[in-house]
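> You'll find structure37.cif just under this line, and it carries mmCIF, C-alpha atoms.
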data_model
loop_
_atom_site.label_atom_id
_atom_site.label_comp_id
_atom_site.auth_asym_id
_atom_site.auth_seq_id
_atom_site.Cartn_x
_atom_site.Cartn_y
_atom_site.Cartn_z
CA MET Y 1 -62.40 -38.17 22.59
CA LYS Y 2 -65.32 -40.02 24.06
CA ASN Y 3 -63.89 -39.67 27.53
CA MET Y 4 -63.52 -35.95 27.06
CA GLY Y 5 -67.12 -35.70 25.98
CA ARG Y 6 -68.35 -37.53 29.01
CA SER Y 7 -66.23 -35.33 31.27
CA THR Y 8 -67.72 -32.12 29.85
CA ILE Y 9 -71.27 -33.34 30.17
CA SER Y 10 -70.77 -34.53 33.74
CA LYS Y 11 -69.74 -31.07 34.99
CA LYS Y 12 -72.99 -29.32 34.09
CA PRO Y 13 -75.06 -30.62 37.05
CA ASN Y 14 -72.32 -29.44 39.41
CA ASP Y 15 -72.39 -25.89 37.96
CA HIS Y 16 -76.16 -25.71 38.39
CA MET Y 17 -75.87 -26.87 41.97
CA LYS Y 18 -73.25 -24.21 42.78
CA LEU Y 19 -75.48 -21.51 41.30
CA LEU Y 20 -78.46 -22.65 43.37
CA VAL Y 21 -76.42 -22.77 46.58
CA THR Y 22 -74.96 -19.30 45.95
CA THR Y 23 -78.39 -17.83 45.27
CA PHE Y 24 -79.86 -19.43 48.38
CA LEU Y 25 -77.04 -18.11 50.58
CA GLY Y 26 -77.48 -14.61 49.13
CA ILE Y 27 -81.21 -14.64 49.84
CA PHE Y 28 -80.65 -15.99 53.36
CA PHE Y 29 -78.02 -13.31 54.12
CA GLY Y 30 -80.21 -10.49 52.81
CA PHE Y 31 -83.22 -11.74 54.79
CA THR Y 32 -81.16 -12.00 57.98
CA LEU Y 33 -79.78 -8.46 57.54
CA GLY Y 34 -83.25 -7.10 56.86
CA ILE Y 35 -84.56 -8.57 60.11
CA THR Y 36 -81.73 -7.26 62.26
CA PHE Y 37 -81.32 -3.78 60.67
CA PRO Y 38 -84.19 -1.94 62.47
CA ALA Y 39 -82.78 -3.03 65.79
CA LEU Y 40 -79.49 -1.30 65.05
CA SER Y 41 -79.03 2.19 66.50
CA LEU Y 42 -79.15 4.76 63.69
CA ASN Y 43 -77.20 7.11 65.91
CA LYS Y 44 -74.32 4.66 66.15
CA LEU Y 45 -74.55 3.70 62.52
CA TYR Y 46 -73.88 7.05 60.84
CA HIS Y 47 -74.59 10.04 63.06
CA PRO Y 48 -71.60 11.97 64.43
CA ALA Y 49 -71.46 12.15 68.22
CA SER Y 50 -72.15 15.93 68.11
CA ILE Y 51 -75.43 15.40 66.25
CA ALA Y 52 -76.69 12.37 68.17
CA PRO Y 53 -78.02 14.28 71.23
CA VAL Y 54 -80.06 16.57 68.97
CA TYR Y 55 -81.34 13.62 66.97
CA GLN Y 56 -82.29 11.75 70.14
CA LYS Y 57 -84.12 14.81 71.46
CA ILE Y 58 -86.23 15.07 68.30
CA PHE Y 59 -86.73 11.29 67.99
CA PRO Y 60 -86.57 9.85 71.54
CA GLY Y 61 -87.24 6.32 70.31
CA GLY Y 62 -83.67 5.97 69.13
CA GLY Y 63 -84.39 6.69 65.48
CA ASN Y 64 -86.69 3.80 64.65
CA ASN Y 65 -89.25 4.31 61.93
CA SER Y 66 -92.18 4.99 64.24
CA SER Y 67 -90.35 7.73 66.17
CA VAL Y 68 -89.13 9.39 62.97
CA ASP Y 69 -92.65 9.40 61.55
CA GLN Y 70 -94.02 10.84 64.78
CA GLY Y 71 -91.37 13.58 64.84
CA LEU Y 72 -92.14 14.60 61.27
CA LYS Y 73 -95.85 14.54 62.05
CA ASN Y 74 -95.33 16.85 65.04
CA ILE Y 75 -93.25 19.29 62.98
CA SER Y 76 -95.91 19.46 60.28
CA GLN Y 77 -98.48 20.42 62.90
CA ILE Y 78 -96.67 23.68 63.89
CA TRP Y 79 -98.50 26.79 62.73
CA VAL Y 80 -98.28 29.99 64.77
CA PRO Y 81 -100.22 32.90 63.19
CA SER Y 82 -98.75 35.36 65.70
CA ASN Y 83 -95.22 34.69 64.44
CA PRO Y 84 -93.74 37.19 61.96
CA ARG Y 85 -95.01 36.78 58.42
CA GLY Y 86 -93.29 33.86 56.75
CA ALA Y 87 -92.24 32.25 60.05
CA GLU Y 88 -95.59 30.69 60.99
CA MET Y 89 -94.21 27.14 60.69
CA LEU Y 90 -91.53 27.73 63.34
CA PRO Y 91 -91.96 27.16 67.08
CA PRO Y 92 -92.08 30.66 68.69
CA ALA Y 93 -89.09 30.04 70.96
CA ILE Y 94 -86.74 29.75 67.96
CA VAL Y 95 -87.93 32.90 66.16
CA ALA Y 96 -85.38 35.74 66.25
CA SER Y 97 -87.35 38.64 64.80
CA GLU Y 98 -84.99 41.41 65.92
CA SER Y 99 -81.28 42.07 65.53
CA ASP Y 100 -78.64 44.71 66.23
CA PHE Y 101 -75.27 46.06 65.06
CA TYR Y 102 -73.20 44.51 67.86
CA LEU Y 103 -69.92 43.23 66.46
CA ARG Y 104 -69.16 39.63 67.43
CA ARG Y 105 -66.10 37.39 67.37
CA LEU Y 106 -65.53 34.50 65.00
CA TRP Y 107 -64.43 32.26 67.89
CA GLY Y 108 -65.20 31.44 71.52
CA ASN Y 109 -68.49 31.32 73.38
CA PRO Y 110 -71.19 33.61 71.91
CA SER Y 111 -72.33 34.59 75.40
CA GLU Y 112 -68.87 36.04 76.03
CA ASP Y 113 -68.59 38.08 72.81
CA LEU Y 114 -69.76 41.42 74.18
CA THR Y 115 -68.08 43.31 76.98
CA ILE Y 116 -70.67 46.09 76.57
CA LYS Y 117 -74.00 46.37 74.77
CA PRO Y 118 -74.50 49.97 73.60
CA ASN Y 119 -77.94 51.37 74.44
CA TYR Y 120 -77.97 54.03 71.71
CA LEU Y 121 -77.08 54.39 68.04
CA ILE Y 122 -75.65 57.33 66.10
CA ALA Y 123 -75.69 57.24 62.28
CA PHE Y 124 -73.88 59.83 60.16
CA THR Y 125 -74.15 60.08 56.38
CA VAL Y 126 -70.64 61.05 55.31
CA GLY Y 127 -68.16 61.85 52.60
CA VAL Y 128 -64.42 61.73 53.10
CA ALA Y 129 -64.17 65.52 52.67
CA GLN Y 130 -65.80 65.94 56.11
CA LYS Y 131 -63.63 63.29 57.77
CA LYS Y 132 -62.14 65.63 60.36
CA ASN Y 133 -65.51 67.09 61.27
CA ILE Y 134 -66.96 63.62 61.81
CA ASP Y 135 -63.96 62.59 63.90
CA VAL Y 136 -64.69 65.46 66.28
CA ALA Y 137 -68.40 64.64 66.33
CA VAL Y 138 -68.01 60.91 67.01
CA LYS Y 139 -65.81 61.62 70.01
CA LYS Y 140 -68.78 63.37 71.61
CA PHE Y 141 -70.52 59.99 71.81
CA SER Y 142 -69.47 57.50 74.48
CA GLU Y 143 -68.92 53.74 74.12
CA ASN Y 144 -72.61 53.45 74.99
CA PHE Y 145 -73.30 54.32 71.34
CA THR Y 146 -73.01 52.12 68.28
CA VAL Y 147 -71.53 54.25 65.48
CA VAL Y 148 -72.79 53.74 61.92
CA LEU Y 149 -71.30 55.58 58.94
CA PHE Y 150 -73.24 55.71 55.68
CA HIS Y 151 -70.75 56.56 52.93
CA TYR Y 152 -72.20 58.34 49.91
CA ASP Y 153 -68.85 58.66 48.10
CA GLY Y 154 -67.74 55.02 48.22
CA GLN Y 155 -64.59 55.81 50.22
CA THR Y 156 -64.38 53.73 53.39
CA SER Y 157 -60.77 52.64 53.91
CA GLU Y 158 -59.71 56.30 54.26
CA TRP Y 159 -61.36 56.29 57.68
CA ASP Y 160 -59.11 53.59 59.10
CA GLU Y 161 -56.77 56.18 60.59
CA PHE Y 162 -59.30 56.72 63.37
CA GLU Y 163 -59.27 54.12 66.13
CA TRP Y 164 -63.04 54.40 66.64
CA SER Y 165 -63.63 53.71 62.93
CA ARG Y 166 -62.46 50.13 63.37
CA ARG Y 167 -65.38 49.52 65.73
CA ALA Y 168 -67.92 51.37 63.60
CA ILE Y 169 -70.34 49.90 61.09
CA HIS Y 170 -69.57 51.10 57.56
CA VAL Y 171 -72.19 50.98 54.78
CA SER Y 172 -71.29 52.29 51.35
CA ALA Y 173 -73.47 53.22 48.37
CA ARG Y 174 -72.42 55.96 45.98
CA LYS Y 175 -74.49 59.12 45.64
CA GLN Y 176 -77.22 58.07 48.09
CA SER Y 177 -78.84 60.22 50.76
CA LYS Y 178 -79.29 59.84 54.50
CA TRP Y 179 -82.93 58.76 54.21
CA TRP Y 180 -82.14 56.26 51.46
CA PHE Y 181 -79.69 54.60 53.83
CA ALA Y 182 -82.02 54.86 56.83
CA LYS Y 183 -84.90 53.21 55.01
CA ARG Y 184 -82.76 50.27 53.94
CA PHE Y 185 -80.39 49.70 56.86
CA LEU Y 186 -82.14 51.04 59.97
CA HIS Y 187 -85.26 48.89 59.92
CA PRO Y 188 -86.95 49.05 63.36
CA ASP Y 189 -86.30 45.34 63.93
CA ILE Y 190 -82.61 45.84 63.19
CA VAL Y 191 -82.20 48.75 65.63
CA ALA Y 192 -84.62 47.42 68.26
CA ALA Y 193 -81.79 47.01 70.76
CA TYR Y 194 -81.25 50.77 70.89
CA GLU Y 195 -83.31 53.03 73.11
CA TYR Y 196 -82.58 56.14 71.03
CA ILE Y 197 -81.51 56.49 67.39
CA PHE Y 198 -79.62 59.60 66.22
CA ILE Y 199 -79.70 60.18 62.42
CA TRP Y 200 -77.44 63.13 61.71
CA ASP Y 201 -75.90 65.10 58.86
CA GLU Y 202 -72.13 65.45 58.56
CA ASP Y 203 -71.88 69.25 58.79
CA LEU Y 204 -72.69 69.81 62.46
CA GLY Y 205 -70.51 71.59 64.98
CA VAL Y 206 -70.64 69.86 68.37
CA GLU Y 207 -68.40 71.96 70.62
CA HIS Y 208 -71.27 72.53 73.08
CA PHE Y 209 -72.80 69.07 72.83
CA ASN Y 210 -72.54 66.04 75.09
CA ALA Y 211 -74.52 62.97 74.04
CA GLU Y 212 -74.99 61.44 77.49
CA GLU Y 213 -76.24 64.72 78.96
CA TYR Y 214 -78.55 65.10 75.98
CA ILE Y 215 -80.11 61.69 76.68
CA LYS Y 216 -80.70 62.65 80.31
CA LEU Y 217 -82.64 65.76 79.26
CA VAL Y 218 -84.66 63.87 76.65
CA LYS Y 219 -85.76 61.37 79.31
CA LYS Y 220 -86.40 64.08 81.89
CA HIS Y 221 -88.75 65.98 79.59
CA GLY Y 222 -90.41 62.94 77.99
CA LEU Y 223 -89.31 63.65 74.42
CA GLU Y 224 -89.91 60.88 71.91
CA ILE Y 225 -88.61 62.93 68.95
CA SER Y 226 -86.09 65.71 69.46
CA GLN Y 227 -83.05 67.57 68.21
CA PRO Y 228 -80.35 69.76 69.76
CA GLY Y 229 -80.99 73.49 69.59
CA LEU Y 230 -79.27 75.36 66.78
CA GLU Y 231 -76.95 78.19 67.73
CA HIS Y 232 -78.16 81.56 66.40
CA ASN Y 233 -75.29 81.88 63.95
CA SER Y 234 -76.33 78.57 62.38
CA ARG Y 235 -78.02 78.32 59.06
CA HIS Y 236 -81.61 77.40 59.87
CA SER Y 237 -85.08 77.52 58.37
CA TRP Y 238 -87.44 77.61 61.36
CA ASN Y 239 -87.72 79.49 64.63
CA MET Y 240 -88.68 76.28 66.42
CA THR Y 241 -85.22 74.78 66.08
CA GLN Y 242 -83.29 77.85 67.29
CA ARG Y 243 -81.74 77.51 70.72
CA VAL Y 244 -83.45 79.33 73.59
CA GLY Y 245 -80.65 80.32 75.92
CA ASP Y 246 -82.39 80.20 79.27
CA LYS Y 247 -84.13 76.83 78.92
CA GLU Y 248 -83.26 73.15 79.05
CA VAL Y 249 -85.90 72.26 76.48
CA HIS Y 250 -88.61 74.05 74.53
CA LYS Y 251 -91.59 72.48 72.78
CA GLN Y 252 -93.38 75.50 71.27
CA THR Y 253 -92.47 78.79 69.61
CA THR Y 254 -93.93 81.55 67.45
CA GLU Y 255 -93.43 81.87 63.73
CA LYS Y 256 -94.12 84.42 61.03
CA PRO Y 257 -97.78 85.49 60.77
CA GLY Y 258 -99.88 82.90 58.96
CA TRP Y 259 -97.36 80.11 59.21
CA CYS Y 260 -99.05 78.28 62.08
CA ARG Y 261 -102.79 77.73 61.82
CA ASP Y 262 -102.63 76.19 65.30
CA PRO Y 263 -99.97 76.97 67.97
CA LYS Y 264 -99.79 73.24 68.79
CA LEU Y 265 -99.04 72.22 65.20
CA PRO Y 266 -95.90 72.43 63.02
CA PRO Y 267 -93.87 74.47 62.59
CA CYS Y 268 -94.78 76.13 65.93
CA ALA Y 269 -94.91 72.85 67.89
CA GLY Y 270 -94.54 69.12 67.31
CA PHE Y 271 -91.66 69.89 64.98
CA VAL Y 272 -87.93 69.30 64.53
CA GLU Y 273 -85.83 69.49 61.37
CA ILE Y 274 -84.39 66.50 59.53
CA MET Y 275 -80.73 67.53 59.80
CA ALA Y 276 -80.16 66.15 63.34
CA PRO Y 277 -83.23 64.28 64.61
CA VAL Y 278 -83.22 61.88 67.55
CA PHE Y 279 -85.92 59.21 67.83
CA SER Y 280 -86.99 56.93 70.62
CA ARG Y 281 -87.25 53.28 69.69
CA ASN Y 282 -91.06 53.41 69.48
CA ALA Y 283 -91.19 56.69 67.56
CA TRP Y 284 -88.66 55.43 65.01
CA ARG Y 285 -90.78 52.35 64.30
CA CYS Y 286 -93.58 54.66 63.16
CA VAL Y 287 -91.35 57.14 61.31
CA TRP Y 288 -89.52 54.39 59.40
CA HIS Y 289 -92.80 53.17 57.95
CA MET Y 290 -93.65 56.69 56.83
CA ILE Y 291 -90.40 57.16 54.86
CA GLN Y 292 -91.06 56.56 51.16
CA ASN Y 293 -88.67 54.30 49.25
CA ASP Y 294 -88.29 56.66 46.29
CA LEU Y 295 -88.35 60.00 48.14
CA ILE Y 296 -84.78 59.90 49.34
CA HIS Y 297 -84.22 63.45 50.63
CA GLY Y 298 -86.82 63.40 53.38
CA TRP Y 299 -88.20 66.86 52.67
CA GLY Y 300 -91.65 67.23 54.20
CA LEU Y 301 -90.99 64.43 56.67
CA ASP Y 302 -90.39 66.93 59.49
CA PHE Y 303 -93.94 68.26 59.17
CA ALA Y 304 -95.34 64.72 59.43
CA LEU Y 305 -93.38 63.55 62.49
CA GLN Y 306 -96.27 64.69 64.69
CA ARG Y 307 -98.26 61.70 63.42
CA CYS Y 308 -95.99 59.28 65.26
CA VAL Y 309 -96.39 60.47 68.86
CA GLU Y 310 -99.33 61.62 70.93
CA PRO Y 311 -99.65 64.36 72.06
CA ALA Y 312 -97.04 65.66 69.64
CA HIS Y 313 -96.77 69.13 71.17
CA GLU Y 314 -95.63 67.49 74.42
CA LYS Y 315 -93.42 64.70 73.09
CA ILE Y 316 -91.53 66.52 70.34
CA GLY Y 317 -89.09 69.23 71.32
CA VAL Y 318 -85.73 70.96 71.05
CA VAL Y 319 -82.99 70.47 73.66
CA ASP Y 320 -81.55 73.93 74.31
CA ALA Y 321 -79.02 73.02 77.00
CA GLN Y 322 -77.12 70.81 74.52
CA TRP Y 323 -76.78 72.69 71.27
CA ILE Y 324 -75.04 72.37 67.91
CA VAL Y 325 -74.03 74.57 64.99
CA HIS Y 326 -75.28 73.89 61.47
CA GLN Y 327 -72.21 74.66 59.39
CA ALA Y 328 -74.01 74.27 56.02
CA LEU Y 329 -70.91 72.84 54.35
CA PRO Y 330 -71.17 71.67 50.74
CA SER Y 331 -71.48 67.91 50.91
CA LEU Y 332 -74.14 65.69 49.36
CA GLY Y 333 -75.26 68.49 47.02
CA SER Y 334 -71.97 68.19 45.18
CA GLN Y 335 -72.84 64.58 44.34
CA GLY Y 336 -75.54 65.71 41.91
CA GLU Y 337 -75.22 65.96 38.14
CA ALA Y 338 -74.83 69.18 36.21
CA THR Y 339 -77.22 69.99 33.38
CA GLU Y 340 -77.55 72.85 30.93
CA ASN Y 341 -79.91 74.61 33.34
CA SER Y 342 -78.43 73.81 36.75
CA THR Y 343 -75.29 73.05 38.73
CA PRO Y 344 -75.09 69.79 40.74
CA PRO Y 345 -76.26 71.45 44.00
CA GLN Y 346 -79.10 73.21 42.19
CA GLY Y 347 -80.26 69.96 40.66
CA VAL Y 348 -80.30 68.27 44.06
CA LYS Y 349 -82.30 71.11 45.60
CA GLN Y 350 -84.84 70.98 42.78
CA ARG Y 351 -85.30 67.29 43.47
CA CYS Y 352 -85.76 68.03 47.19
CA LYS Y 353 -88.56 70.52 46.51
CA LYS Y 354 -90.24 68.15 44.07
CA GLU Y 355 -90.14 65.34 46.64
CA TRP Y 356 -91.74 67.58 49.28
CA LYS Y 357 -94.77 68.16 47.06
CA MET Y 358 -94.97 64.47 46.18
CA PHE Y 359 -94.87 63.48 49.85
CA GLN Y 360 -97.61 65.95 50.74
CA ASN Y 361 -99.81 64.66 47.91
CA ARG Y 362 -99.30 61.04 48.95
CA MET Y 363 -100.16 61.81 52.55
CA ASP Y 364 -103.31 63.71 51.52
CA HIS Y 365 -104.44 60.86 49.28
CA ALA Y 366 -103.67 58.25 51.94
CA GLU Y 367 -105.74 60.17 54.52
CA LYS Y 368 -108.68 60.56 52.17
CA ALA Y 369 -108.58 56.89 51.24
CA TYR Y 370 -108.52 55.88 54.89
CA PHE Y 371 -111.48 58.05 55.94
CA LYS Y 372 -113.47 57.01 52.87
CA ALA Y 373 -112.93 53.34 53.70
CA ALA Y 374 -113.74 53.94 57.37
CA ALA Y 375 -116.99 55.72 56.46
CA ALA Y 376 -117.97 52.87 54.14
CA ALA Y 377 -117.27 50.30 56.85
CA ALA Y 378 -119.29 52.28 59.38
CA ALA Y 379 -122.22 52.51 56.96
CA VAL Y 380 -122.18 48.74 56.48
CA GLY Y 381 -122.09 48.23 60.24
CA THR Y 382 -125.23 50.30 60.80
CA ARG Y 383 -127.37 48.35 58.33
#
Spell out the structure here as structure tokens.


Amino acid sequence: MKNMGRSTISKKPNDHMKLLVTTFLGIFFGFTLGITFPALSLNKLYHPASIAPVYQKIFPGGGNNSSVDQGLKNISQIWVPSNPRGAEMLPPAIVASESDFYLRRLWGNPSEDLTIKPNYLIAFTVGVAQKKNIDVAVKKFSENFTVVLFHYDGQTSEWDEFEWSRRAIHVSARKQSKWWFAKRFLHPDIVAAYEYIFIWDEDLGVEHFNAEEYIKLVKKHGLEISQPGLEHNSRHSWNMTQRVGDKEVHKQTTEKPGWCRDPKLPPCAGFVEIMAPVFSRNAWRCVWHMIQNDLIHGWGLDFALQRCVEPAHEKIGVVDAQWIVHQALPSLGSQGEATENSTPPQGVKQRCKKEWKMFQNRMDHAEKAYFKAAAAAAAVGTR
């Protein structure tokens, strides 16, 4: 028993020594690793080969602490007030402020995606009931046009029978109007790739229309906002938009007595209707900003188009040599809601008239506010 006691007591110094040696070795190993770690290449340590070149470009020093700190410092110094709002912290060369509707592949080299870049865009607001009419109309537009269909009835797959429909852009929202779609999906920065933007109704006859020839005449006569002439048997509201048979283009007309306080103002000049307008890229940028979010039918907009080009009586006109027929088919009006006092089409028309008055009032108030502010600023400047 005594021997056993001595044996137990004699082992304790050895255990303490082992603990001290283990601790010392751990400290020595950690210290050695800490000294050598910065010299290791961070790229080789955990960056994939595909990322390393980018990392090395940002931090040329190989990823050591000083180069990382310098890179972050440089990034934090970027502030470009001329960049689009919200993108001021980005270097200008990386900012992509505009887009398009070009369809791209999911594979391959992006630079090889497009065999053709359409120069123009045609947007129709459609319901499946007018499918055949739209098929005829779309075929009047060459591959130089991007085709966009705005579906107000929610039916899109029914159009797959047409080969061209598979290349078109389809946007669907039930019971919405052409100008509701245009305001939300044809932002000027989205359609900036297109020289001319056609925004058309679905009930147009195009037997005597050729889109490429139309573009040639628009360019020849310097029209920034235009429409095809309406055949005389078309349903129309204004003399200005009726086709003149012996002309390529007309920019002025006469109306009923008292309708035009100035022969160079709407509806005698500087005027097209909203059923089949065509806008240049620059004109559309202005018009888009004038469209009100809640006034979805666009009534009254045709009288205000003159504000977006100067001089309007020279740059707005009707192309007579390429004409269309307004068939006035029941379409979007049928999407309204019946009440005790009106049918669906009647309810839609009442809303249209109400919106026209609202738009006129807003424009009047906006003008007055502008001139009042301008006068106040001028008065301050003269003191």

> Smallest atom-to-atom distance to Y:Ala304: which of Y:Asn210, Y:Ser157, Y:Asn74, Y:Gln360, using all atoms listed in the file?

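Residue with the minimum atom-to-atom distance to Y:Ala304: Y:Gln360.
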
> Rounded to one decimal, what separation in Å do you get between atom CA of Y:Leu230 and atom CA of Y:Leu329?

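For atom CA of Y:Leu230 relative to atom CA of Y:Leu329, the distance reads 15.2 Å.
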
> Ranking Y:Lys220, Y:His208, Y:Arg281, Y:His151 by minimum distance to Y:His187 and counting all atoms listed in the file, which one comes first?

Y:Arg281

> Quick check, in Å to one decimal: how far apart do atom CA of Y:Val318 and atom CA of Y:Trp180 lie?

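Here the two named atoms are 24.8 Å from each other.
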
> Produce a table with one row for each residue of stretch 211-315 of chain Y that has an atom at most 12 Å from any atom of stretch 127-142 of chain Y, each row naming the nearest atom pair and its distance in Å at one decimal; use all atoms listed in the file; arrange rows by chain and rising residue number; format as JSON lines.


{"residue": "Y:Ala211", "atom": "CA", "partner": "Y:Phe141", "partner_atom": "CA", "distance": 5.5}
{"residue": "Y:Glu212", "atom": "CA", "partner": "Y:Phe141", "partner_atom": "CA", "distance": 7.4}
{"residue": "Y:Glu213", "atom": "CA", "partner": "Y:Phe141", "partner_atom": "CA", "distance": 10.3}
{"residue": "Y:Tyr214", "atom": "CA", "partner": "Y:Phe141", "partner_atom": "CA", "distance": 10.4}
{"residue": "Y:Ile215", "atom": "CA", "partner": "Y:Phe141", "partner_atom": "CA", "distance": 10.9}

> Do you know which residues the PyMOL selection byres ((chain Y and resi 239-241) around 8) returns on this file, as an MDAnalysis selection string?

chainID Y and resid 227:230 236:238 242:243 251:255 267:269 271:273 318

> Filtering to C-alpha atoms, could you give me those residues as a PDB file, in the frame of the given file?


ATOM      1  CA  GLN Y 227     -83.050  67.570  68.210  1.00  0.00           C
ATOM      2  CA  PRO Y 228     -80.350  69.760  69.760  1.00  0.00           C
ATOM      3  CA  GLY Y 229     -80.990  73.490  69.590  1.00  0.00           C
ATOM      4  CA  LEU Y 230     -79.270  75.360  66.780  1.00  0.00           C
ATOM      5  CA  HIS Y 236     -81.610  77.400  59.870  1.00  0.00           C
ATOM      6  CA  SER Y 237     -85.080  77.520  58.370  1.00  0.00           C
ATOM      7  CA  TRP Y 238     -87.440  77.610  61.360  1.00  0.00           C
ATOM      8  CA  GLN Y 242     -83.290  77.850  67.290  1.00  0.00           C
ATOM      9  CA  ARG Y 243     -81.740  77.510  70.720  1.00  0.00           C
ATOM     10  CA  LYS Y 251     -91.590  72.480  72.780  1.00  0.00           C
ATOM     11  CA  GLN Y 252     -93.380  75.500  71.270  1.00  0.00           C
ATOM     12  CA  THR Y 253     -92.470  78.790  69.610  1.00  0.00           C
ATOM     13  CA  THR Y 254     -93.930  81.550  67.450  1.00  0.00           C
ATOM     14  CA  GLU Y 255     -93.430  81.870  63.730  1.00  0.00           C
ATOM     15  CA  PRO Y 267     -93.870  74.470  62.590  1.00  0.00           C
ATOM     16  CA  CYS Y 268     -94.780  76.130  65.930  1.00  0.00           C
ATOM     17  CA  ALA Y 269     -94.910  72.850  67.890  1.00  0.00           C
ATOM     18  CA  PHE Y 271     -91.660  69.890  64.980  1.00  0.00           C
ATOM     19  CA  VAL Y 272     -87.930  69.300  64.530  1.00  0.00           C
ATOM     20  CA  GLU Y 273     -85.830  69.490  61.370  1.00  0.00           C
ATOM     21  CA  VAL Y 318     -85.730  70.960  71.050  1.00  0.00           C
TER      22      VAL Y 318
END

> Could you please determine the separation between atom CA of Y:Glu202 and atom CA of Y:Arg184 in Å, to one decimal place?

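Answer for the atom CA of Y:Glu202 to atom CA of Y:Arg184 separation: 19.1 Å.
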
> Taking the file as shown, find all residues satisfying the PyMOL selection byres ((chain Y and resi 121) around 10) and write them as a list in words.

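Checked against the file, the PyMOL selection byres ((chain Y and resi 121) around 10) matches Asp100, Phe101, Pro118, Asn119, Tyr120, Ile122, Ala123, Phe141, Asn144, Phe145, Thr146, Val147, Val148, Val191, Ala193, Tyr194, Glu195, Tyr196, Ile197, Phe198, Ile199 and Val278 of chain Y.
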
> Counting only C-alpha atoms, which of Y:Ser165, Y:Gln306, Y:Ser76, Y:Gln155 gets nearest to Y:Met89?

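Nearest candidate to Y:Met89 out of Y:Ser165, Y:Gln306, Y:Ser76, Y:Gln155: Y:Ser76.
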
> Starting from the PyMOL selection byres ((chain Y and resi 361-376) around 12), expand the selection into actual residues of this file and give them as a PyMOL selection string.

chain Y and resi 290-292+295+300-301+303-304+307+354-360+377-383

> Taking 5 positions as the minimum chain separation for residues in the same chain, which residues sit within 12 Å of Y:Pro92 when counting all atoms listed in the file? Answer as number ranges by chain.

Y: 78-84, 87, 97

> Check the smallest atom-to-atom distance from each of Y:Ile94, Y:Cys260, Y:Leu149, Y:Ile116 to Y:Trp164 using all atoms listed in the file, then report the winner.

Y:Leu149

> If we count all atoms listed in the file, what is near stretch 176-179 of chain Y at a cut-off of 6 Å, once residues fewer than 4 positions away on the same chain are taken out, given as a ChimeraX atom specification?

/Y:125,152,183,296

> With distances taken over only C-alpha atoms, which of Y:Trp299, Y:Trp200, Y:Phe124, Y:Trp284 is nearest to Y:Val348?

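Answer, going by the shortest atom-to-atom distance: Y:Trp299.
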
> Tell me which of Y:Val171, Y:Ala328, Y:Leu265, Y:Met275 sits closest to Y:Pro311, counting all atoms listed in the file.

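Of Y:Val171, Y:Ala328, Y:Leu265, Y:Met275, the one nearest Y:Pro311 is Y:Leu265, counting all atoms listed in the file.
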
> Please return stretch 138-149 of chain Y, rebuilt to N, CA and C atoms, as an mmCIF file, in the coordinates of the input.


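Dumped everything to part.cif:
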data_model
loop_
_atom_site.group_PDB
_atom_site.id
_atom_site.type_symbol
_atom_site.label_atom_id
_atom_site.label_comp_id
_atom_site.auth_asym_id
_atom_site.auth_seq_id
_atom_site.Cartn_x
_atom_site.Cartn_y
_atom_site.Cartn_z
ATOM 1 N N VAL Y 138 -67.902 62.260 66.438
ATOM 2 C CA VAL Y 138 -68.010 60.910 67.010
ATOM 3 C C VAL Y 138 -67.451 60.866 68.422
ATOM 4 N N LYS Y 139 -66.424 61.628 68.679
ATOM 5 C CA LYS Y 139 -65.810 61.620 70.010
ATOM 6 C C LYS Y 139 -66.692 62.254 71.075
ATOM 7 N N LYS Y 140 -67.807 62.848 70.671
ATOM 8 C CA LYS Y 140 -68.780 63.370 71.610
ATOM 9 C C LYS Y 140 -69.766 62.276 72.077
ATOM 10 N N PHE Y 141 -69.635 61.098 71.475
ATOM 11 C CA PHE Y 141 -70.520 59.990 71.810
ATOM 12 C C PHE Y 141 -69.707 58.905 72.513
ATOM 13 N N SER Y 142 -70.197 58.458 73.651
ATOM 14 C CA SER Y 142 -69.470 57.500 74.480
ATOM 15 C C SER Y 142 -69.533 56.097 73.879
ATOM 16 N N GLU Y 143 -68.891 55.138 74.565
ATOM 17 C CA GLU Y 143 -68.920 53.740 74.120
ATOM 18 C C GLU Y 143 -70.315 53.131 74.272
ATOM 19 N N ASN Y 144 -71.225 53.897 74.869
ATOM 20 C CA ASN Y 144 -72.610 53.450 74.990
ATOM 21 C C ASN Y 144 -73.382 53.650 73.693
ATOM 22 N N PHE Y 145 -72.692 54.096 72.657
ATOM 23 C CA PHE Y 145 -73.300 54.320 71.340
ATOM 24 C C PHE Y 145 -72.660 53.408 70.297
ATOM 25 N N THR Y 146 -73.481 52.756 69.498
ATOM 26 C CA THR Y 146 -73.010 52.120 68.280
ATOM 27 C C THR Y 146 -72.905 53.190 67.203
ATOM 28 N N VAL Y 147 -71.760 53.247 66.524
ATOM 29 C CA VAL Y 147 -71.530 54.250 65.480
ATOM 30 C C VAL Y 147 -71.707 53.605 64.109
ATOM 31 N N VAL Y 148 -72.559 54.209 63.283
ATOM 32 C CA VAL Y 148 -72.790 53.740 61.920
ATOM 33 C C VAL Y 148 -72.452 54.873 60.956
ATOM 34 N N LEU Y 149 -71.620 54.594 59.979
ATOM 35 C CA LEU Y 149 -71.300 55.580 58.940
ATOM 36 C C LEU Y 149 -71.878 55.110 57.618
#
